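Undergrad: Below is the structure I would like to discuss, written out as structure tokens.
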Amino acid sequence: MDFKTSTFMYVLGGLVALFVIAQSLFFLIRAYKQGKKIGLSEKTMKKTIVSSSLFSIAPSIAILATILTLSGALGIVLPWIRLTVIGNITYEVPAAESALEALGIVGGLSADVTDKTAFSAAAWVMTLGSVMPLVIVPFAVKFIQKKIGKAVHKNGAWADAMSSAAFVGLISAFVGRAILGSGDANTLGDGAGVMSVIALVTSMIFMYIFMKITQKKNVAWIETFAMPLSLFIALAVVILFNEVLPPTIANFEWRG
């Protein structure tokens, strides 16, 4: 049996999932009792619970996409454990890929990881990077909020510009990889090529469409689902083009 999908890994994943569910139920029950204590109506609280559950669907779709992205190299269980607790596609994927590339794993996340050391290294990098904020925030959050508050108060436009610049920089890294990212020449799909550009362009187009619908039709809920829907539509379009285009075009990579 593959060590990535062994019984031990599934038991570990199940225990982590049960702990997270139990923790969520604990706080839900405590919050419900506190709500009744301060005079909130049951109708209001039930409506809040239902609406919160519905709005959790969109992030769950993005999490599922991340698990599927990582499962090819790391198996289904480790990504499941990681994303059950904390994490997202913008951190987990680059972290795992960086760890594998540092160890010389050809193909990165495009290849099946069979080396236990590489698997362990990827797990540690993904986990430690997500754990640090949980350790730092309780001790530093007041200091950080105080400094950010002063910066915003002095120059709100500058704070907005810095925040936007950080986000644009993150997105640029993904755009750059899709257009000019280099990969292993012997691993199909590892470098930039026709399919990576099709995925990029499709996701950008549909993200733009969803944002326009949100603005013009005032349909707020679409904004929450815009990113995961764009990702899955882009995935479907890539699969379609892979079936329709000749293999010489579909598999063409200029940075592979």
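In the structure tokens, chains take the letters A, B, ... in the order shown, each chain's residues start at 1, and ligands count up from 1 in the order shown.
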Pull the helix (DSSP H, G or I) assignments for stretch 45-150 of chain A out of DSSP run on the backbone, and list those residues as a short mmCIF file (atom, residue, chain, number, x, y, z; two decimals) with N, CA and C atoms, in the first residue's frame.

TA:
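The file below, out-v3.cif, is the result:
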data_model
loop_
_atom_site.label_atom_id
_atom_site.label_comp_id
_atom_site.auth_asym_id
_atom_site.auth_seq_id
_atom_site.Cartn_x
_atom_site.Cartn_y
_atom_site.Cartn_z
N MET A 45 -31.35 33.67 15.35
CA MET A 45 -30.16 32.82 15.47
C MET A 45 -30.16 31.70 14.43
N LYS A 46 -31.33 31.10 14.20
CA LYS A 46 -31.41 30.04 13.20
C LYS A 46 -31.14 30.58 11.80
N LYS A 47 -31.65 31.79 11.54
CA LYS A 47 -31.40 32.42 10.23
C LYS A 47 -29.91 32.69 10.05
N THR A 48 -29.25 33.12 11.12
CA THR A 48 -27.81 33.39 11.06
C THR A 48 -27.03 32.11 10.81
N ILE A 49 -27.45 31.02 11.47
CA ILE A 49 -26.77 29.73 11.30
C ILE A 49 -26.91 29.24 9.86
N VAL A 50 -28.11 29.34 9.32
CA VAL A 50 -28.36 28.88 7.95
C VAL A 50 -27.56 29.71 6.94
N SER A 51 -27.60 31.05 7.09
CA SER A 51 -26.89 31.92 6.15
C SER A 51 -25.38 31.70 6.23
N SER A 52 -24.87 31.50 7.45
CA SER A 52 -23.43 31.24 7.61
C SER A 52 -23.04 29.92 6.96
N SER A 53 -23.91 28.92 7.09
CA SER A 53 -23.64 27.61 6.48
C SER A 53 -23.61 27.73 4.96
N LEU A 54 -24.53 28.50 4.39
CA LEU A 54 -24.58 28.66 2.94
C LEU A 54 -23.34 29.39 2.43
N PHE A 55 -22.92 30.43 3.17
CA PHE A 55 -21.76 31.19 2.72
C PHE A 55 -20.44 30.44 2.93
N ILE A 57 -20.06 27.49 1.79
CA ILE A 57 -19.95 26.60 0.63
C ILE A 57 -18.86 27.07 -0.32
N ALA A 58 -18.83 28.40 -0.59
CA ALA A 58 -17.85 28.94 -1.54
C ALA A 58 -16.41 28.67 -1.12
N PRO A 59 -16.02 29.00 0.13
CA PRO A 59 -14.65 28.67 0.55
C PRO A 59 -14.37 27.17 0.49
N SER A 60 -15.41 26.37 0.73
CA SER A 60 -15.22 24.92 0.70
C SER A 60 -14.89 24.43 -0.70
N ILE A 61 -15.47 25.08 -1.71
CA ILE A 61 -15.18 24.72 -3.10
C ILE A 61 -13.72 25.02 -3.42
N ALA A 62 -13.25 26.19 -2.96
CA ALA A 62 -11.85 26.55 -3.19
C ALA A 62 -10.92 25.57 -2.47
N ILE A 63 -11.31 25.16 -1.27
CA ILE A 63 -10.52 24.19 -0.51
C ILE A 63 -10.48 22.85 -1.23
N LEU A 64 -11.62 22.42 -1.77
CA LEU A 64 -11.67 21.18 -2.53
C LEU A 64 -10.75 21.25 -3.74
N ALA A 65 -10.74 22.40 -4.42
CA ALA A 65 -9.85 22.58 -5.57
C ALA A 65 -8.38 22.46 -5.17
N THR A 66 -8.05 22.99 -3.99
CA THR A 66 -6.67 22.90 -3.50
C THR A 66 -6.29 21.46 -3.18
N ILE A 67 -7.21 20.73 -2.55
CA ILE A 67 -6.95 19.32 -2.24
C ILE A 67 -6.70 18.52 -3.50
N LEU A 68 -7.52 18.76 -4.52
CA LEU A 68 -7.35 18.04 -5.78
C LEU A 68 -6.03 18.41 -6.46
N THR A 69 -5.65 19.68 -6.34
CA THR A 69 -4.38 20.14 -6.93
C THR A 69 -3.19 19.43 -6.30
N LEU A 70 -3.23 19.26 -4.98
CA LEU A 70 -2.12 18.67 -4.25
C LEU A 70 -2.14 17.14 -4.25
N SER A 71 -3.30 16.55 -4.49
CA SER A 71 -3.45 15.10 -4.33
C SER A 71 -2.63 14.29 -5.33
N GLY A 72 -2.39 14.85 -6.53
CA GLY A 72 -1.62 14.11 -7.53
C GLY A 72 -0.21 13.79 -7.05
N ALA A 73 0.40 14.71 -6.32
CA ALA A 73 1.76 14.51 -5.84
C ALA A 73 1.81 13.94 -4.43
N LEU A 74 0.94 14.43 -3.55
CA LEU A 74 1.02 14.10 -2.12
C LEU A 74 -0.06 13.14 -1.64
N VAL A 77 -4.79 12.27 1.36
CA VAL A 77 -4.97 12.39 2.82
C VAL A 77 -4.25 13.60 3.40
N LEU A 78 -2.98 13.81 3.06
CA LEU A 78 -2.24 14.94 3.62
C LEU A 78 -2.89 16.28 3.28
N PRO A 79 -3.24 16.54 2.01
CA PRO A 79 -3.95 17.79 1.72
C PRO A 79 -5.27 17.90 2.47
N TRP A 80 -5.96 16.78 2.63
CA TRP A 80 -7.22 16.76 3.38
C TRP A 80 -6.98 17.18 4.83
N ILE A 81 -5.94 16.64 5.45
CA ILE A 81 -5.60 17.01 6.83
C ILE A 81 -5.23 18.49 6.90
N ARG A 82 -4.37 18.93 5.98
CA ARG A 82 -3.91 20.32 6.01
C ARG A 82 -5.07 21.30 5.86
N LEU A 83 -5.93 21.08 4.87
CA LEU A 83 -7.00 22.03 4.57
C LEU A 83 -8.18 21.89 5.53
N THR A 84 -8.24 20.79 6.28
CA THR A 84 -9.28 20.65 7.30
C THR A 84 -9.04 21.63 8.44
N VAL A 85 -7.79 21.92 8.71
CA VAL A 85 -7.43 22.77 9.84
C VAL A 85 -7.32 24.23 9.41
N ILE A 89 -5.26 27.84 -1.17
CA ILE A 89 -4.50 27.50 -2.38
C ILE A 89 -3.32 28.45 -2.60
N THR A 90 -3.44 29.70 -2.15
CA THR A 90 -2.37 30.66 -2.37
C THR A 90 -1.15 30.39 -1.50
N TYR A 91 -1.31 29.57 -0.45
CA TYR A 91 -0.15 29.22 0.38
C TYR A 91 0.26 27.77 0.21
N GLU A 92 -0.70 26.86 0.32
CA GLU A 92 -0.38 25.42 0.35
C GLU A 92 0.35 24.96 -0.91
N VAL A 93 -0.14 25.38 -2.07
CA VAL A 93 0.46 24.93 -3.34
C VAL A 93 1.89 25.45 -3.50
N PRO A 94 2.14 26.78 -3.36
CA PRO A 94 3.54 27.25 -3.47
C PRO A 94 4.46 26.65 -2.41
N ALA A 95 3.94 26.45 -1.18
CA ALA A 95 4.77 25.90 -0.10
C ALA A 95 5.21 24.47 -0.43
N ALA A 96 4.25 23.64 -0.84
CA ALA A 96 4.57 22.25 -1.17
C ALA A 96 5.50 22.18 -2.38
N GLU A 97 5.22 23.00 -3.38
CA GLU A 97 6.04 22.98 -4.60
C GLU A 97 7.46 23.44 -4.31
N SER A 98 7.61 24.46 -3.47
CA SER A 98 8.95 24.96 -3.12
C SER A 98 9.74 23.90 -2.38
N ALA A 99 9.08 23.18 -1.47
CA ALA A 99 9.76 22.14 -0.70
C ALA A 99 10.23 21.01 -1.61
N LEU A 100 9.37 20.60 -2.54
CA LEU A 100 9.73 19.50 -3.45
C LEU A 100 10.84 19.92 -4.42
N GLU A 101 10.75 21.14 -4.92
CA GLU A 101 11.79 21.62 -5.85
C GLU A 101 13.13 21.77 -5.14
N ALA A 102 13.10 22.19 -3.86
CA ALA A 102 14.34 22.34 -3.10
C ALA A 102 15.04 21.00 -2.90
N GLY A 108 7.96 18.61 -9.52
CA GLY A 108 7.24 19.24 -8.42
C GLY A 108 5.91 18.58 -8.15
N LEU A 109 4.85 19.36 -8.12
CA LEU A 109 3.51 18.83 -7.86
C LEU A 109 2.93 18.08 -9.04
N SER A 110 3.61 18.12 -10.18
CA SER A 110 3.13 17.37 -11.34
C SER A 110 3.55 15.90 -11.28
N LYS A 116 9.76 9.26 0.94
CA LYS A 116 9.17 9.63 2.22
C LYS A 116 9.78 10.90 2.80
N THR A 117 11.06 11.11 2.55
CA THR A 117 11.71 12.33 3.05
C THR A 117 11.12 13.56 2.39
N ALA A 118 10.91 13.50 1.08
CA ALA A 118 10.33 14.63 0.35
C ALA A 118 8.89 14.87 0.80
N PHE A 119 8.15 13.79 1.01
CA PHE A 119 6.77 13.89 1.47
C PHE A 119 6.72 14.56 2.85
N SER A 120 7.61 14.12 3.73
CA SER A 120 7.67 14.68 5.09
C SER A 120 8.08 16.16 5.05
N ALA A 121 9.03 16.49 4.19
CA ALA A 121 9.49 17.88 4.08
C ALA A 121 8.36 18.79 3.62
N ALA A 122 7.61 18.34 2.61
CA ALA A 122 6.48 19.13 2.11
C ALA A 122 5.43 19.32 3.21
N ALA A 123 5.18 18.26 3.96
CA ALA A 123 4.19 18.35 5.05
C ALA A 123 4.64 19.36 6.12
N TRP A 124 5.93 19.33 6.47
CA TRP A 124 6.46 20.24 7.49
C TRP A 124 6.41 21.70 7.02
N VAL A 125 6.80 21.94 5.76
CA VAL A 125 6.80 23.31 5.24
C VAL A 125 5.37 23.86 5.20
N MET A 126 4.43 23.05 4.72
CA MET A 126 3.04 23.48 4.66
C MET A 126 2.48 23.76 6.05
N THR A 127 2.84 22.93 7.00
CA THR A 127 2.28 23.05 8.35
C THR A 127 2.91 24.20 9.14
N LEU A 128 4.24 24.27 9.14
CA LEU A 128 4.91 25.30 9.94
C LEU A 128 4.55 26.71 9.48
N GLY A 129 4.43 26.88 8.17
CA GLY A 129 4.06 28.20 7.66
C GLY A 129 2.69 28.64 8.11
N SER A 130 1.76 27.69 8.28
CA SER A 130 0.41 28.02 8.73
C SER A 130 0.31 28.12 10.25
N VAL A 131 1.20 27.42 10.95
CA VAL A 131 1.15 27.43 12.42
C VAL A 131 1.66 28.75 12.97
N MET A 132 2.66 29.33 12.34
CA MET A 132 3.29 30.53 12.88
C MET A 132 2.30 31.68 13.13
N PRO A 133 1.38 31.98 12.20
CA PRO A 133 0.42 33.05 12.50
C PRO A 133 -0.41 32.76 13.75
N LEU A 134 -0.76 31.48 13.97
CA LEU A 134 -1.55 31.13 15.15
C LEU A 134 -0.76 31.35 16.43
N VAL A 135 0.57 31.24 16.33
CA VAL A 135 1.42 31.46 17.50
C VAL A 135 1.68 32.95 17.71
N ILE A 136 1.90 33.66 16.61
CA ILE A 136 2.27 35.08 16.70
C ILE A 136 1.07 35.96 17.05
N VAL A 137 -0.08 35.71 16.41
CA VAL A 137 -1.23 36.61 16.56
C VAL A 137 -1.65 36.86 18.01
N PRO A 138 -1.81 35.83 18.87
CA PRO A 138 -2.24 36.11 20.25
C PRO A 138 -1.32 37.06 21.00
N PHE A 139 -0.03 37.04 20.67
CA PHE A 139 0.94 37.88 21.39
C PHE A 139 1.18 39.23 20.71
N ALA A 140 0.96 39.27 19.40
CA ALA A 140 1.35 40.48 18.66
C ALA A 140 0.18 41.24 18.05
N VAL A 141 -1.05 40.69 18.14
CA VAL A 141 -2.17 41.29 17.42
C VAL A 141 -2.45 42.73 17.89
N LYS A 142 -2.36 42.99 19.20
CA LYS A 142 -2.64 44.34 19.69
C LYS A 142 -1.60 45.34 19.16
N PHE A 143 -0.34 44.91 19.20
CA PHE A 143 0.73 45.77 18.70
C PHE A 143 0.56 46.05 17.20
N ILE A 144 0.24 44.99 16.44
CA ILE A 144 0.07 45.12 14.99
C ILE A 144 -1.11 46.04 14.68
N GLN A 145 -2.23 45.82 15.37
CA GLN A 145 -3.41 46.65 15.14
C GLN A 145 -3.14 48.11 15.47
N LYS A 146 -2.39 48.34 16.53
CA LYS A 146 -2.06 49.70 16.94
C LYS A 146 -1.23 50.40 15.86
N LYS A 147 -0.21 49.70 15.34
CA LYS A 147 0.65 50.28 14.31
C LYS A 147 -0.12 50.50 13.00
N ILE A 148 -0.94 49.51 12.63
CA ILE A 148 -1.73 49.65 11.39
C ILE A 148 -2.73 50.79 11.53
N GLY A 149 -3.34 50.88 12.71
CA GLY A 149 -4.29 51.96 12.97
C GLY A 149 -3.66 53.33 12.81
N LYS A 150 -2.44 53.48 13.32
CA LYS A 150 -1.73 54.76 13.20
C LYS A 150 -1.40 55.07 11.74
#

Undergrad: So that I can check the surroundings of A:Tyr10, please list as a ChimeraX atom specification every protein, DNA and RNA residue that reaches within 10 Å of it, counting only C-alpha atoms and ignoring chain neighbours fewer than 2 positions away.

TA: /A:4-8,12-16,76-78,80-81

Undergrad: Keeping only N, CA and C atoms, take the residues you just selected and write them out as a short mmCIF file (atom, residue, chain, number, x, y, z; two decimals), in the first residue's frame.

TA:
data_model
loop_
_atom_site.label_atom_id
_atom_site.label_comp_id
_atom_site.auth_asym_id
_atom_site.auth_seq_id
_atom_site.Cartn_x
_atom_site.Cartn_y
_atom_site.Cartn_z
N LYS A 4 1.29 7.15 1.39
CA LYS A 4 0.51 8.38 1.42
C LYS A 4 -0.97 8.13 1.67
N THR A 5 -1.42 6.92 1.37
CA THR A 5 -2.84 6.58 1.58
C THR A 5 -2.97 5.35 2.47
N SER A 6 -2.05 5.21 3.41
CA SER A 6 -2.08 4.06 4.32
C SER A 6 -3.20 4.20 5.34
N THR A 7 -3.48 3.12 6.05
CA THR A 7 -4.51 3.14 7.09
C THR A 7 -4.19 4.18 8.16
N PHE A 8 -2.91 4.26 8.52
CA PHE A 8 -2.50 5.24 9.54
C PHE A 8 -2.85 6.66 9.11
N LEU A 12 -5.41 9.15 10.97
CA LEU A 12 -4.95 10.47 11.40
C LEU A 12 -5.84 11.57 10.84
N GLY A 13 -6.18 11.46 9.56
CA GLY A 13 -7.07 12.43 8.93
C GLY A 13 -8.44 12.45 9.57
N GLY A 14 -8.97 11.26 9.88
CA GLY A 14 -10.28 11.16 10.52
C GLY A 14 -10.29 11.81 11.90
N LEU A 15 -9.22 11.60 12.66
CA LEU A 15 -9.12 12.19 14.00
C LEU A 15 -9.06 13.71 13.93
N VAL A 16 -8.30 14.21 12.98
CA VAL A 16 -8.19 15.67 12.81
C VAL A 16 -9.55 16.26 12.43
N ILE A 76 -4.26 12.01 -1.34
CA ILE A 76 -5.46 12.74 -0.95
C ILE A 76 -5.49 13.07 0.54
N VAL A 77 -4.79 12.27 1.36
CA VAL A 77 -4.97 12.39 2.82
C VAL A 77 -4.25 13.60 3.40
N LEU A 78 -2.98 13.81 3.06
CA LEU A 78 -2.24 14.94 3.62
C LEU A 78 -2.89 16.28 3.28
N TRP A 80 -5.96 16.78 2.63
CA TRP A 80 -7.22 16.76 3.38
C TRP A 80 -6.98 17.18 4.83
N ILE A 81 -5.94 16.64 5.45
CA ILE A 81 -5.60 17.01 6.83
C ILE A 81 -5.23 18.49 6.90
#

Undergrad: Please report the interatomic distance between atom CA of A:Ile198 and atom CA of A:Pro246 in Å with one decimal.

TA: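 Computing the Euclidean distance for atom CA of A:Ile198 and atom CA of A:Pro246 yields 14.8 Å.
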
Undergrad: Compile the contact shell of stretch 215-231 of chain A as a PyMOL selection string: residues with an atom at most 6 Å away, counting only C-alpha atoms, same-chain residues fewer than 3 positions apart removed.

TA: chain A and resi 58+62+203+206-207+210+212+234

Undergrad: Any chance you could export the current selection's all heavy atoms as a PDB file, in the first residue's frame?

TA:
ATOM      1  N   ALA A  58     -18.831  28.397  -0.586  1.00  0.00           N
ATOM      2  CA  ALA A  58     -17.852  28.942  -1.540  1.00  0.00           C
ATOM      3  C   ALA A  58     -16.409  28.674  -1.119  1.00  0.00           C
ATOM      4  O   ALA A  58     -15.615  28.161  -1.913  1.00  0.00           O
ATOM      5  CB  ALA A  58     -18.092  30.433  -1.733  1.00  0.00           C
ATOM      6  N   ALA A  62     -13.249  26.188  -2.960  1.00  0.00           N
ATOM      7  CA  ALA A  62     -11.855  26.547  -3.186  1.00  0.00           C
ATOM      8  C   ALA A  62     -10.918  25.575  -2.468  1.00  0.00           C
ATOM      9  O   ALA A  62      -9.857  25.211  -2.982  1.00  0.00           O
ATOM     10  CB  ALA A  62     -11.606  27.977  -2.705  1.00  0.00           C
ATOM     11  N   SER A 203     -10.121  31.856 -16.651  1.00  0.00           N
ATOM     12  CA  SER A 203     -10.438  32.252 -15.277  1.00  0.00           C
ATOM     13  C   SER A 203     -10.544  33.772 -15.150  1.00  0.00           C
ATOM     14  O   SER A 203     -11.409  34.287 -14.435  1.00  0.00           O
ATOM     15  CB  SER A 203      -9.383  31.714 -14.310  1.00  0.00           C
ATOM     16  OG  SER A 203      -8.092  32.191 -14.638  1.00  0.00           O
ATOM     17  N   PHE A 206     -13.980  34.939 -16.794  1.00  0.00           N
ATOM     18  CA  PHE A 206     -15.165  34.643 -15.986  1.00  0.00           C
ATOM     19  C   PHE A 206     -15.152  35.397 -14.661  1.00  0.00           C
ATOM     20  O   PHE A 206     -16.207  35.772 -14.147  1.00  0.00           O
ATOM     21  CB  PHE A 206     -15.291  33.137 -15.760  1.00  0.00           C
ATOM     22  CG  PHE A 206     -15.938  32.425 -16.909  1.00  0.00           C
ATOM     23  CD1 PHE A 206     -15.171  31.865 -17.923  1.00  0.00           C
ATOM     24  CD2 PHE A 206     -17.312  32.342 -17.006  1.00  0.00           C
ATOM     25  CE1 PHE A 206     -15.760  31.226 -18.996  1.00  0.00           C
ATOM     26  CE2 PHE A 206     -17.921  31.708 -18.077  1.00  0.00           C
ATOM     27  CZ  PHE A 206     -17.138  31.149 -19.073  1.00  0.00           C
ATOM     28  N   MET A 207     -13.963  35.654 -14.114  1.00  0.00           N
ATOM     29  CA  MET A 207     -13.889  36.483 -12.906  1.00  0.00           C
ATOM     30  C   MET A 207     -14.399  37.890 -13.221  1.00  0.00           C
ATOM     31  O   MET A 207     -15.143  38.481 -12.424  1.00  0.00           O
ATOM     32  CB  MET A 207     -12.438  36.537 -12.417  1.00  0.00           C
ATOM     33  CG  MET A 207     -12.288  37.149 -11.037  1.00  0.00           C
ATOM     34  SD  MET A 207     -12.923  36.055  -9.761  1.00  0.00           S
ATOM     35  CE  MET A 207     -12.677  37.079  -8.305  1.00  0.00           C
ATOM     36  N   PHE A 210     -18.254  37.777 -13.586  1.00  0.00           N
ATOM     37  CA  PHE A 210     -18.933  37.681 -12.291  1.00  0.00           C
ATOM     38  C   PHE A 210     -18.881  39.003 -11.527  1.00  0.00           C
ATOM     39  O   PHE A 210     -19.849  39.391 -10.873  1.00  0.00           O
ATOM     40  CB  PHE A 210     -18.315  36.564 -11.457  1.00  0.00           C
ATOM     41  CG  PHE A 210     -18.612  35.181 -11.960  1.00  0.00           C
ATOM     42  CD1 PHE A 210     -17.608  34.213 -12.022  1.00  0.00           C
ATOM     43  CD2 PHE A 210     -19.883  34.845 -12.368  1.00  0.00           C
ATOM     44  CE1 PHE A 210     -17.881  32.940 -12.496  1.00  0.00           C
ATOM     45  CE2 PHE A 210     -20.167  33.571 -12.845  1.00  0.00           C
ATOM     46  CZ  PHE A 210     -19.163  32.619 -12.912  1.00  0.00           C
ATOM     47  N   LYS A 212     -18.730  42.003 -12.882  1.00  0.00           N
ATOM     48  CA  LYS A 212     -19.644  42.924 -13.551  1.00  0.00           C
ATOM     49  C   LYS A 212     -21.096  42.624 -13.175  1.00  0.00           C
ATOM     50  O   LYS A 212     -21.906  43.541 -12.981  1.00  0.00           O
ATOM     51  CB  LYS A 212     -19.466  42.840 -15.073  1.00  0.00           C
ATOM     52  CG  LYS A 212     -18.233  43.563 -15.587  1.00  0.00           C
ATOM     53  CD  LYS A 212     -18.344  45.058 -15.300  1.00  0.00           C
ATOM     54  CE  LYS A 212     -17.140  45.815 -15.813  1.00  0.00           C
ATOM     55  NZ  LYS A 212     -17.225  47.266 -15.498  1.00  0.00           N
ATOM     56  N   ALA A 234     -12.583  27.286 -15.547  1.00  0.00           N
ATOM     57  CA  ALA A 234     -11.309  27.213 -16.269  1.00  0.00           C
ATOM     58  C   ALA A 234     -10.837  25.768 -16.378  1.00  0.00           C
ATOM     59  O   ALA A 234     -10.317  25.346 -17.424  1.00  0.00           O
ATOM     60  CB  ALA A 234     -10.258  28.065 -15.553  1.00  0.00           C
TER      61      ALA A 234
END

Undergrad: Which one of A:Leu240, A:Ala173, A:Val197, A:Met211 sits closest to A:Glu253 if you count only C-alpha atoms?

TA: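 Selected residue with least distance to A:Glu253: A:Val197.
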
Undergrad: Just give me the gap between atom CA of A:Ser41 and atom CA of A:Val20 in Å, one decimal is fine.

TA: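 Rounded to one decimal, the two atoms are 27.5 Å apart.
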
Undergrad: Quote the spacing between atom CA of A:Ala17 and atom CA of A:Lys33 in Å to one decimal place.

TA: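 Between atom CA of A:Ala17 and atom CA of A:Lys33 the gap is 24.4 Å.
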